[in-house]
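Source file: run-v7.csv; contents: CSV, C-alpha atoms and all ligand atoms.
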chain,number,residue,atom,x,y,z
A,1,MET,CA,-13.8,8.9,-8.5
A,2,ALA,CA,-14.8,5.7,-10.3
A,3,GLY,CA,-15.5,4.3,-13.7
A,4,ILE,CA,-18.0,2.1,-15.4
A,5,TYR,CA,-17.2,-0.3,-18.3
A,6,ILE,CA,-19.9,-2.1,-20.4
A,7,HIS,CA,-18.9,-5.0,-22.6
A,8,ILE,CA,-21.1,-5.4,-25.7
A,9,PRO,CA,-20.1,-8.9,-26.9
A,10,PHE,CA,-21.3,-8.8,-30.5
A,11,CYS,CA,-19.3,-8.3,-33.7
A,12,ARG,CA,-20.5,-8.6,-37.3
A,13,LYS,CA,-17.3,-10.4,-38.3
A,14,ARG,CA,-14.3,-11.8,-36.5
A,15,CYS,CA,-11.0,-10.0,-37.1
A,16,HIS,CA,-8.1,-12.4,-37.5
A,17,TYR,CA,-6.0,-11.1,-34.7
A,18,CYS,CA,-8.7,-10.5,-32.0
A,19,ASP,CA,-9.0,-12.5,-28.8
A,20,PHE,CA,-11.6,-10.3,-27.1
A,21,PHE,CA,-14.7,-12.1,-25.9
A,22,LYS,CA,-17.4,-11.7,-28.6
A,23,SER,CA,-20.0,-13.5,-30.7
A,24,THR,CA,-21.1,-13.0,-34.3
A,25,ASP,CA,-24.5,-14.4,-33.5
A,26,PHE,CA,-26.9,-11.5,-32.6
A,27,GLY,CA,-29.7,-13.9,-31.8
A,28,LEU,CA,-29.4,-13.4,-28.1
A,29,LYS,CA,-29.0,-9.6,-28.3
A,30,ASN,CA,-32.3,-8.5,-26.8
A,31,ARG,CA,-32.0,-10.9,-23.8
A,32,LEU,CA,-28.4,-9.8,-23.3
A,33,LEU,CA,-29.3,-6.2,-23.2
A,34,ALA,CA,-32.2,-6.8,-20.8
A,35,SER,CA,-29.7,-8.7,-18.5
A,36,LEU,CA,-27.1,-5.9,-18.9
A,37,ASN,CA,-29.6,-3.3,-17.8
A,38,HIS,CA,-30.6,-5.6,-14.9
A,39,GLU,CA,-27.0,-6.1,-13.8
A,40,ILE,CA,-26.4,-2.3,-13.9
A,41,GLU,CA,-29.4,-1.9,-11.6
A,42,ILE,CA,-28.7,-4.6,-9.1
A,43,ARG,CA,-25.0,-3.7,-8.5
A,44,SER,CA,-25.6,0.0,-7.9
A,45,SER,CA,-24.8,-0.4,-4.1
A,46,GLU,CA,-21.3,-1.3,-5.1
A,47,LEU,CA,-20.5,2.3,-6.0
A,48,SER,CA,-23.4,4.1,-4.4
A,49,SER,CA,-21.2,6.8,-2.7
A,50,GLU,CA,-18.8,7.3,-5.6
A,51,GLU,CA,-19.0,9.8,-8.3
A,52,ILE,CA,-18.8,8.2,-11.8
A,53,ASN,CA,-16.3,10.1,-13.9
A,54,THR,CA,-16.0,7.8,-16.8
A,55,ILE,CA,-18.3,5.5,-18.7
A,56,TYR,CA,-16.8,3.3,-21.5
A,57,LEU,CA,-18.7,1.1,-23.9
A,58,GLY,CA,-16.3,-1.5,-25.3
A,59,GLY,CA,-16.5,-4.9,-26.7
A,60,GLY,CA,-17.1,-6.5,-29.1
A,61,THR,CA,-18.6,-3.7,-31.2
A,62,PRO,CA,-20.9,-1.4,-29.2
A,63,SER,CA,-21.5,0.6,-32.4
A,64,THR,CA,-23.6,-2.3,-33.7
A,65,LEU,CA,-26.3,-1.4,-31.1
A,66,LEU,CA,-29.4,0.7,-32.1
A,67,LEU,CA,-29.7,4.2,-30.9
A,68,GLY,CA,-32.6,3.3,-28.5
A,69,GLU,CA,-30.5,0.5,-27.0
A,70,LEU,CA,-27.6,2.8,-26.3
A,71,LYS,CA,-29.9,5.4,-24.9
A,72,GLU,CA,-31.5,2.9,-22.5
A,73,LEU,CA,-28.1,1.7,-21.2
A,74,LEU,CA,-27.0,5.3,-20.5
A,75,GLU,CA,-30.3,6.1,-18.8
A,76,THR,CA,-30.0,3.0,-16.6
A,77,ILE,CA,-26.6,4.1,-15.5
A,78,ARG,CA,-27.7,7.7,-14.8
A,79,GLN,CA,-30.7,6.5,-12.8
A,80,ASN,CA,-28.6,4.2,-10.6
A,81,TYR,CA,-25.3,5.9,-10.2
A,82,LEU,CA,-24.0,9.4,-9.4
A,83,VAL,CA,-22.7,10.3,-12.8
A,84,SER,CA,-20.6,13.5,-12.9
A,85,PRO,CA,-22.0,16.2,-15.2
A,86,ASP,CA,-18.6,16.3,-17.0
A,87,ALA,CA,-18.1,12.6,-17.2
A,88,GLU,CA,-16.1,11.2,-20.1
A,89,ILE,CA,-18.5,8.9,-22.0
A,90,THR,CA,-16.7,6.9,-24.6
A,91,MET,CA,-18.0,4.6,-27.3
A,92,GLU,CA,-15.8,2.2,-29.2
A,93,ALA,CA,-16.9,2.2,-32.9
A,94,ASN,CA,-16.1,0.6,-36.2
A,95,PRO,CA,-15.9,2.9,-39.2
A,96,ASP,CA,-18.4,0.9,-41.2
A,97,ASP,CA,-21.1,1.5,-38.5
A,98,LEU,CA,-20.8,5.2,-38.8
A,99,ASN,CA,-22.6,7.9,-40.7
A,100,GLN,CA,-23.3,11.6,-40.2
A,101,SER,CA,-26.7,11.2,-38.6
A,102,ILE,CA,-25.9,8.3,-36.2
A,103,LEU,CA,-22.9,10.2,-35.0
A,104,SER,CA,-24.9,13.3,-34.3
A,105,ALA,CA,-27.5,11.2,-32.5
A,106,TRP,CA,-24.9,9.6,-30.3
A,107,LYS,CA,-23.5,13.1,-29.4
A,108,GLU,CA,-27.1,14.1,-28.6
A,109,ILE,CA,-27.6,11.3,-26.1
A,110,GLY,CA,-24.4,12.0,-24.2
A,111,PHE,CA,-21.4,10.3,-25.8
A,112,ASN,CA,-18.5,12.8,-25.8
A,113,ARG,CA,-15.6,10.6,-26.9
A,114,LEU,CA,-15.2,8.1,-29.7
A,115,SER,CA,-12.6,5.5,-30.1
A,116,ILE,CA,-12.6,4.3,-33.7
A,117,GLY,CA,-11.0,1.0,-34.7
A,118,ILE,CA,-9.1,2.1,-37.8
A,119,GLN,CA,-6.2,-0.3,-37.4
A,120,SER,CA,-4.5,0.6,-40.7
A,121,PHE,CA,-4.8,3.0,-43.7
A,122,SER,CA,-3.7,0.2,-46.1
A,123,GLU,CA,-6.3,-1.9,-47.9
A,124,THR,CA,-4.0,-4.9,-48.0
A,125,ASP,CA,-3.6,-4.8,-44.2
A,126,LEU,CA,-7.3,-4.4,-43.6
A,127,LYS,CA,-8.0,-7.4,-45.8
A,128,LEU,CA,-5.3,-9.5,-44.1
A,129,MET,CA,-6.8,-8.6,-40.7
A,130,ASN,CA,-10.4,-9.4,-41.9
A,131,ARG,CA,-11.7,-5.9,-41.0
A,132,ARG,CA,-15.1,-4.9,-42.4
A,133,HIS,CA,-14.1,-1.4,-43.5
A,134,GLY,CA,-12.0,0.1,-46.2
A,135,VAL,CA,-9.5,3.0,-46.1
A,136,MET,CA,-11.9,5.7,-47.5
A,137,GLN,CA,-14.6,4.6,-45.0
A,138,ALA,CA,-12.1,5.0,-42.2
A,139,ILE,CA,-11.1,8.5,-43.2
A,140,GLN,CA,-14.7,9.5,-43.9
A,141,SER,CA,-15.8,8.3,-40.5
A,142,ILE,CA,-13.3,10.6,-38.8
A,143,LYS,CA,-14.6,13.6,-40.8
A,144,TRP,CA,-18.2,12.8,-39.9
A,145,ALA,CA,-17.4,12.4,-36.3
A,146,LYS,CA,-15.8,15.9,-36.3
A,147,ASN,CA,-18.8,17.4,-38.1
A,148,ALA,CA,-21.0,15.8,-35.5
A,149,GLY,CA,-19.1,17.8,-32.9
A,150,PHE,CA,-16.8,15.1,-31.4
A,151,SER,CA,-13.8,17.0,-30.2
A,152,ASN,CA,-12.3,14.1,-28.4
A,153,LEU,CA,-11.5,11.5,-31.0
A,154,SER,CA,-9.2,8.5,-30.6
A,155,ILE,CA,-8.1,6.0,-33.3
A,156,ASP,CA,-6.5,2.6,-32.9
A,157,LEU,CA,-3.7,1.4,-35.1
A,158,ILE,CA,-1.8,-1.9,-35.3
A,159,TYR,CA,1.8,-2.3,-36.3
A,160,GLY,CA,4.2,-5.2,-36.5
A,161,LEU,CA,1.9,-6.8,-39.1
A,162,PRO,CA,3.4,-9.6,-41.2
A,163,ASN,CA,5.3,-8.1,-44.2
A,164,GLN,CA,4.5,-4.6,-43.1
A,165,THR,CA,7.4,-2.4,-44.2
A,166,ILE,CA,8.9,0.6,-42.4
A,167,GLN,CA,7.6,2.8,-45.2
A,168,GLU,CA,4.1,1.5,-45.0
A,169,TRP,CA,3.9,1.9,-41.2
A,170,GLU,CA,5.4,5.5,-41.5
A,171,ARG,CA,2.7,6.3,-44.0
A,172,ASN,CA,0.0,5.0,-41.6
A,173,VAL,CA,1.3,7.2,-38.8
A,174,ARG,CA,1.5,10.3,-41.0
A,175,ILE,CA,-2.0,9.9,-42.3
A,176,ALA,CA,-3.2,9.6,-38.6
A,177,VAL,CA,-1.4,12.8,-37.8
A,178,GLU,CA,-2.9,14.6,-40.9
A,179,LEU,CA,-6.4,13.6,-39.7
A,180,ASP,CA,-5.8,15.7,-36.7
A,181,VAL,CA,-7.3,13.5,-34.0
A,182,GLN,CA,-6.7,14.1,-30.3
A,183,HIS,CA,-5.7,10.6,-29.3
A,184,ILE,CA,-3.9,7.6,-30.9
A,185,SER,CA,-3.6,4.1,-29.5
A,186,ALA,CA,-1.0,2.0,-31.4
A,187,TYR,CA,-0.5,-1.6,-30.5
A,188,HIS,CA,2.0,-4.1,-31.7
A,189,LEU,CA,0.3,-7.2,-33.2
A,190,THR,CA,0.1,-10.1,-30.8
A,191,TYR,CA,-0.5,-13.7,-32.0
A,192,HIS,CA,-3.1,-14.8,-29.5
A,193,GLU,CA,-3.9,-18.5,-29.2
A,194,GLY,CA,-7.3,-19.3,-30.7
A,195,THR,CA,-7.1,-16.6,-33.4
A,196,VAL,CA,-6.8,-17.1,-37.1
A,197,PHE,CA,-3.5,-15.3,-37.2
A,198,TYR,CA,-2.2,-17.7,-34.5
A,199,ASP,CA,-3.1,-20.7,-36.6
A,200,GLN,CA,-1.7,-19.2,-39.7
A,201,LEU,CA,1.6,-18.5,-37.8
A,202,LYS,CA,1.8,-22.1,-36.6
A,203,LYS,CA,1.1,-23.4,-40.1
A,204,GLY,CA,3.8,-21.1,-41.6
A,205,ILE,CA,1.3,-19.2,-43.7
A,206,LEU,CA,2.2,-16.0,-41.8
A,207,LYS,CA,5.6,-15.0,-40.5
A,208,GLU,CA,6.3,-12.8,-37.5
A,209,LEU,CA,7.9,-9.5,-38.3
A,210,PRO,CA,11.6,-9.6,-37.2
A,211,ASP,CA,12.2,-7.9,-33.9
A,212,GLU,CA,14.5,-5.2,-35.4
A,213,LEU,CA,11.7,-4.1,-37.7
A,214,SER,CA,9.2,-4.0,-34.8
A,215,VAL,CA,11.5,-1.8,-32.8
A,216,GLN,CA,12.1,0.5,-35.7
A,217,GLN,CA,8.3,0.8,-36.2
A,218,PHE,CA,7.9,1.7,-32.6
A,219,GLU,CA,10.7,4.3,-32.9
A,220,ILE,CA,9.0,5.8,-35.9
A,221,LEU,CA,5.7,6.0,-34.1
A,222,ILE,CA,7.2,7.8,-31.1
A,223,ARG,CA,9.2,10.2,-33.2
A,224,ILE,CA,6.5,11.2,-35.7
A,225,LEU,CA,3.8,11.6,-33.0
A,226,LYS,CA,6.1,13.6,-30.7
A,227,GLU,CA,7.0,15.9,-33.6
A,228,ALA,CA,3.3,16.4,-34.2
A,229,GLY,CA,2.8,17.5,-30.7
A,230,PHE,CA,1.5,14.3,-29.1
A,231,GLU,CA,2.4,13.4,-25.6
A,232,HIS,CA,3.5,9.7,-25.2
A,233,TYR,CA,1.7,9.1,-21.9
A,234,GLU,CA,1.4,5.3,-21.8
A,235,ILE,CA,3.4,2.6,-23.7
A,236,SER,CA,0.8,2.4,-26.5
A,237,ASN,CA,-1.1,5.7,-26.0
A,238,PHE,CA,-0.4,9.2,-27.3
A,239,CYS,CA,-2.5,12.3,-27.0
A,240,LYS,CA,-2.6,16.0,-27.7
A,241,ALA,CA,-2.2,18.3,-24.6
A,242,GLY,CA,-4.4,17.0,-21.8
A,243,MET,CA,-6.5,14.7,-23.9
A,244,TYR,CA,-5.7,11.5,-22.0
A,245,SER,CA,-8.2,8.7,-22.0
A,246,ARG,CA,-9.6,9.5,-18.6
A,247,HIS,CA,-11.1,6.0,-18.4
A,248,ASN,CA,-8.0,4.0,-19.1
A,249,SER,CA,-5.9,6.4,-17.0
A,250,SER,CA,-8.1,5.5,-14.1
A,251,TYR,CA,-7.3,1.8,-14.6
A,252,TRP,CA,-3.6,2.7,-14.6
A,253,LYS,CA,-3.9,4.9,-11.5
A,254,GLY,CA,-5.5,2.1,-9.6
A,255,ARG,CA,-9.0,3.6,-9.2
A,256,LYS,CA,-12.2,1.7,-8.7
A,257,TYR,CA,-14.4,0.5,-11.6
A,258,LEU,CA,-17.4,-1.6,-12.2
A,259,GLY,CA,-17.6,-3.8,-15.3
A,260,PHE,CA,-20.9,-5.0,-16.7
A,261,GLY,CA,-21.6,-7.7,-19.3
A,262,PRO,CA,-20.0,-11.0,-20.1
A,263,SER,CA,-16.3,-11.1,-19.5
A,264,ALA,CA,-16.2,-7.7,-17.9
A,265,HIS,CA,-13.9,-7.1,-14.9
A,266,SER,CA,-14.4,-5.0,-11.8
A,267,PHE,CA,-12.0,-3.7,-9.2
A,268,ASP,CA,-12.7,-2.2,-5.8
A,269,LEU,CA,-9.1,-1.7,-4.5
A,270,ASN,CA,-9.2,-4.9,-2.5
A,271,SER,CA,-10.7,-7.5,-4.8
A,272,ARG,CA,-11.1,-8.3,-8.5
A,273,ARG,CA,-14.2,-9.7,-10.0
A,274,TRP,CA,-14.8,-11.0,-13.5
A,275,ASN,CA,-18.0,-12.0,-15.1
A,276,VAL,CA,-18.3,-15.3,-17.0
A,277,SER,CA,-17.1,-15.2,-20.6
A,278,SER,CA,-20.2,-16.9,-22.0
A,279,ILE,CA,-23.4,-15.3,-23.2
A,280,PRO,CA,-25.7,-18.3,-22.2
A,281,SER,CA,-24.1,-18.5,-18.7
A,282,TYR,CA,-24.3,-14.7,-18.2
A,283,LEU,CA,-28.0,-14.8,-19.2
A,284,ASN,CA,-28.6,-17.8,-16.9
A,285,GLY,CA,-27.0,-15.9,-14.0
A,286,LEU,CA,-29.0,-12.7,-14.5
A,287,GLU,CA,-32.3,-14.3,-15.4
A,288,ASN,CA,-32.3,-17.2,-12.9
A,289,GLY,CA,-30.2,-15.9,-10.1
A,290,GLU,CA,-27.3,-18.3,-10.8
A,291,THR,CA,-23.7,-17.3,-10.2
A,292,TYR,CA,-22.2,-15.5,-13.2
A,293,SER,CA,-19.0,-14.1,-11.8
A,294,GLU,CA,-16.0,-15.0,-9.7
A,295,THR,CA,-14.2,-12.8,-7.2
A,296,GLU,CA,-10.7,-12.9,-5.9
A,297,ILE,CA,-9.5,-11.1,-2.8
A,298,LEU,CA,-6.1,-9.5,-3.7
A,299,SER,CA,-3.1,-10.6,-1.6
A,300,GLU,CA,-0.3,-8.2,-0.8
A,301,GLN,CA,1.7,-9.7,-3.7
A,302,ASP,CA,-1.2,-9.2,-6.1
A,303,ARG,CA,-1.6,-5.6,-5.1
A,304,TYR,CA,2.1,-4.9,-5.4
A,305,ASN,CA,2.3,-6.5,-8.8
A,306,ASP,CA,-0.8,-4.7,-10.0
A,307,SER,CA,0.8,-1.4,-8.9
A,308,ILE,CA,3.9,-2.2,-11.0
A,309,ILE,CA,2.0,-3.3,-14.1
A,310,THR,CA,-0.3,-0.3,-14.1
A,311,GLY,CA,2.0,2.4,-12.7
A,312,LEU,CA,5.2,1.7,-14.7
A,313,ARG,CA,3.5,1.8,-18.1
A,314,THR,CA,2.6,5.5,-17.8
A,315,ILE,CA,4.4,8.8,-17.6
A,316,TRP,CA,3.0,9.3,-14.1
A,317,GLY,CA,5.1,6.3,-13.0
A,318,ILE,CA,5.2,4.9,-9.4
A,319,ARG,CA,5.9,7.0,-6.4
A,320,GLU,CA,8.5,5.3,-4.2
A,321,GLU,CA,6.7,6.6,-1.1
A,322,TYR,CA,3.5,4.8,-2.2
A,323,ILE,CA,5.4,1.5,-2.3
A,324,ARG,CA,7.1,2.2,1.0
A,325,SER,CA,3.9,3.1,2.8
A,326,ARG,CA,1.6,0.4,1.3
A,327,PHE,CA,3.7,-2.7,1.3
A,328,SER,CA,5.9,-4.6,3.8
A,329,GLU,CA,9.6,-4.3,3.9
A,330,PRO,CA,10.5,-7.2,1.5
A,331,TYR,CA,8.4,-5.6,-1.3
A,332,PHE,CA,10.0,-2.2,-0.8
A,333,ALA,CA,13.5,-3.7,-0.7
A,334,HIS,CA,12.8,-5.6,-3.9
A,335,PHE,CA,11.5,-2.4,-5.5
A,336,GLN,CA,14.6,-0.4,-4.4
A,337,ASN,CA,17.0,-3.1,-5.7
A,338,THR,CA,15.3,-3.3,-9.1
A,339,LYS,CA,15.1,0.5,-9.3
A,340,ASP,CA,18.9,0.8,-8.7
A,341,LYS,CA,19.7,-1.9,-11.3
A,342,TYR,CA,17.6,-0.2,-14.1
A,343,LEU,CA,18.7,3.3,-13.1
A,344,GLN,CA,22.3,2.4,-13.6
A,345,ALA,CA,21.4,0.9,-17.0
A,346,GLY,CA,19.5,4.1,-18.0
A,347,ASN,CA,16.2,2.3,-18.6
A,348,ILE,CA,14.3,4.1,-15.9
A,349,SER,CA,14.3,7.7,-14.6
A,350,TYR,CA,13.9,8.7,-11.0
A,351,LEU,CA,12.6,12.2,-10.5
A,352,SER,CA,11.1,13.7,-7.3
A,353,GLY,CA,10.7,10.3,-5.8
A,354,THR,CA,8.9,8.8,-8.8
A,355,VAL,CA,10.1,5.9,-10.9
A,356,SER,CA,9.1,5.8,-14.6
A,357,LEU,CA,10.4,4.2,-17.8
A,358,SER,CA,13.0,6.2,-19.7
A,359,GLN,CA,13.0,6.3,-23.5
A,360,SER,CA,15.2,3.2,-23.8
A,361,GLY,CA,13.1,1.5,-21.1
A,362,LEU,CA,10.0,1.7,-23.2
A,363,PHE,CA,11.5,-0.8,-25.7
A,364,ILE,CA,12.0,-3.4,-23.0
A,365,SER,CA,9.1,-2.5,-20.8
A,366,ASP,CA,7.8,-6.1,-20.5
A,367,HIS,CA,11.1,-7.3,-19.2
A,368,ILE,CA,11.5,-4.4,-16.7
A,369,MET,CA,8.0,-4.9,-15.3
A,370,GLU,CA,8.6,-8.6,-14.9
A,371,ASP,CA,11.8,-7.8,-13.0
A,372,PHE,CA,10.0,-5.4,-10.7
A,373,MET,CA,7.3,-7.9,-10.0
A,374,VAL,CA,7.5,-10.3,-7.1
A,375,VAL,CA,6.9,-14.0,-7.9
A,376,LYS,CA,6.8,-16.4,-5.0
B,1,LIG,S1,-11.2,-6.3,-33.2
B,1,LIG,FE1,-13.1,-5.4,-32.6
B,1,LIG,S2,-14.5,-5.7,-34.4
B,1,LIG,FE2,-12.8,-7.1,-34.7
B,1,LIG,S3,-13.5,-9.0,-33.8
B,1,LIG,FE3,-12.3,-8.0,-32.2
B,1,LIG,S4,-13.9,-6.9,-31.0
B,1,LIG,FE4,-14.8,-7.5,-33.0
Once you've parsed the file, please lay out its structure as structure tokens.
Ligand code: SF4
Amino acid sequence: MAGIYIHIPFCRKRCHYCDFFKSTDFGLKNRLLASLNHEIEIRSSELSSEEINTIYLGGGTPSTLLLGELKELLETIRQNYLVSPDAEITMEANPDDLNQSILSAWKEIGFNRLSIGIQSFSETDLKLMNRRHGVMQAIQSIKWAKNAGFSNLSIDLIYGLPNQTIQEWERNVRIAVELDVQHISAYHLTYHEGTVFYDQLKKGILKELPDELSVQQFEILIRILKEAGFEHYEISNFCKAGMYSRHNSSYWKGRKYLGFGPSAHSFDLNSRRWNVSSIPSYLNGLENGETYSETEILSEQDRYNDSIITGLRTIWGIREEYIRSRFSEPYFAHFQNTKDKYLQAGNISYLSGTVSLSQSGLFISDHIMEDFMVVK
């Protein structure tokens, strides 16, 4: 079981909070796509014996690509890898790129899951974030996607925005529920260095939401979605029965994946590889045979810490036996001691040999994960 991720590094506009690798200059798009198809071909031996269960087009904004360009990427993958007949094939999309006919065409060429970047159902929030779409466009895009036959729809929301009241956030979550999607990812705003929001924060133009309000918004999110029948399966992810993101769940379960395109990461259980975060350097690598990636062999400490970060964030947790059998005694001892500490505090639960975050642990998950990790 393995996954494929493709990074499309183009956006029509920069959102003020976003630190993903992207460019608003589409001038190199054709060369980029040629190199992307080439990379998919030349790395096929890396997963030649594995069945591909998930394909994920992210970015950037993959929904800016033309139908023919998307079709070619999927065909190149199918020609070079063993793609499972029931593979989950996801496209990240922005509402303003969507209409009824393009959605039907995507369904036709094989996409069976959409992740739509809604972010908020408030015009004020959308303007503040510099999003391209409006609220009505967002709602309409979900209706079109359903009409086109997408029965696995995910939407992204952001909370903890400056000045966002509890009532405004609650309204967002309730609208999301009413739209009857299968999956919701809700992230707290982070002020990443290099973004407009970060600069505005430093200049005092924006003010961070107080911690108490952020916690209350997270509580509201969890409560309303649980009442509406969603399962809270990862810190920021909720889904209707069984509708987990199979692709992201594979990351969290430590499975192999290949990442194509600038800034994309790959993982083969023993090493991590990351492509250069520069379109010209990526093109130079694929067109002229220059190096365009770096690889790191994972030490025992890296593998242990990765297991903590990925395992503890999900409802599937971490099996104690896994840590005992895969890592040397000092790691297992540290795991046990930390487990006992948080078990006493009620921040983790321990059932059938598996450690996972409890409801109270979810609110201090970063702190707990840091404590479980080993830093030498
Ligand atoms: S949030 Fe999405 S659309 Fe906005 S700049 Fe980032 S990648 Fe592009």
(message) Restricting the calculation to all atoms listed in the file: of A:His133, A:Lys143, A:Lys339, A:Lys253, which residue gets closest to A:Thr314?
(response)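 Once distances to A:Thr314 are computed over all atoms listed in the file, the minimum belongs to A:Lys253.
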(request) Find the residues around A:Glu231 up to 8 Å (all atoms listed in the file counted), leave out those fewer than 3 positions away in its own chain, and share them as a ChimeraX atom specification. (result) /A:225-226,238-241
Distance query A:Trp316 at most 8 Å, all atoms listed in the file, self and fewer than 5 positions along chain excluded, as an mmCIF file with C-alpha atoms, keeping the file's coordinate frame:
data_model
loop_
_atom_site.group_PDB
_atom_site.id
_atom_site.type_symbol
_atom_site.label_atom_id
_atom_site.label_comp_id
_atom_site.auth_asym_id
_atom_site.auth_seq_id
_atom_site.Cartn_x
_atom_site.Cartn_y
_atom_site.Cartn_z
ATOM 1 C CA TYR A 233 1.700 9.100 -21.900
ATOM 2 C CA GLY A 311 2.000 2.400 -12.700
ATOM 3 C CA THR A 354 8.900 8.800 -8.800
ATOM 4 C CA SER A 356 9.100 5.800 -14.600
#
(request) Determine the nearest neighbour of ligand LIG 1 (chain B) from the options A:Thr64, A:Asn347, A:Gln200, A:Gln100, counting all atoms listed in the file. (result)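 Smallest separation from ligand LIG 1 (chain B) among the options: A:Thr64.
For the pair atom CA of A:Tyr198 and atom CA of A:Lys22, the separation is 17.4 Å.
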(message) Can you work out which residues are within 6 Å of ligand LIG 1 (chain B), considering only C-alpha atoms and all ligand atoms, and then hand them over as a list in words?
(response) Cys11, Arg14, Cys15, Cys18, Phe20, Gly59, Gly60 and Thr61 of chain A
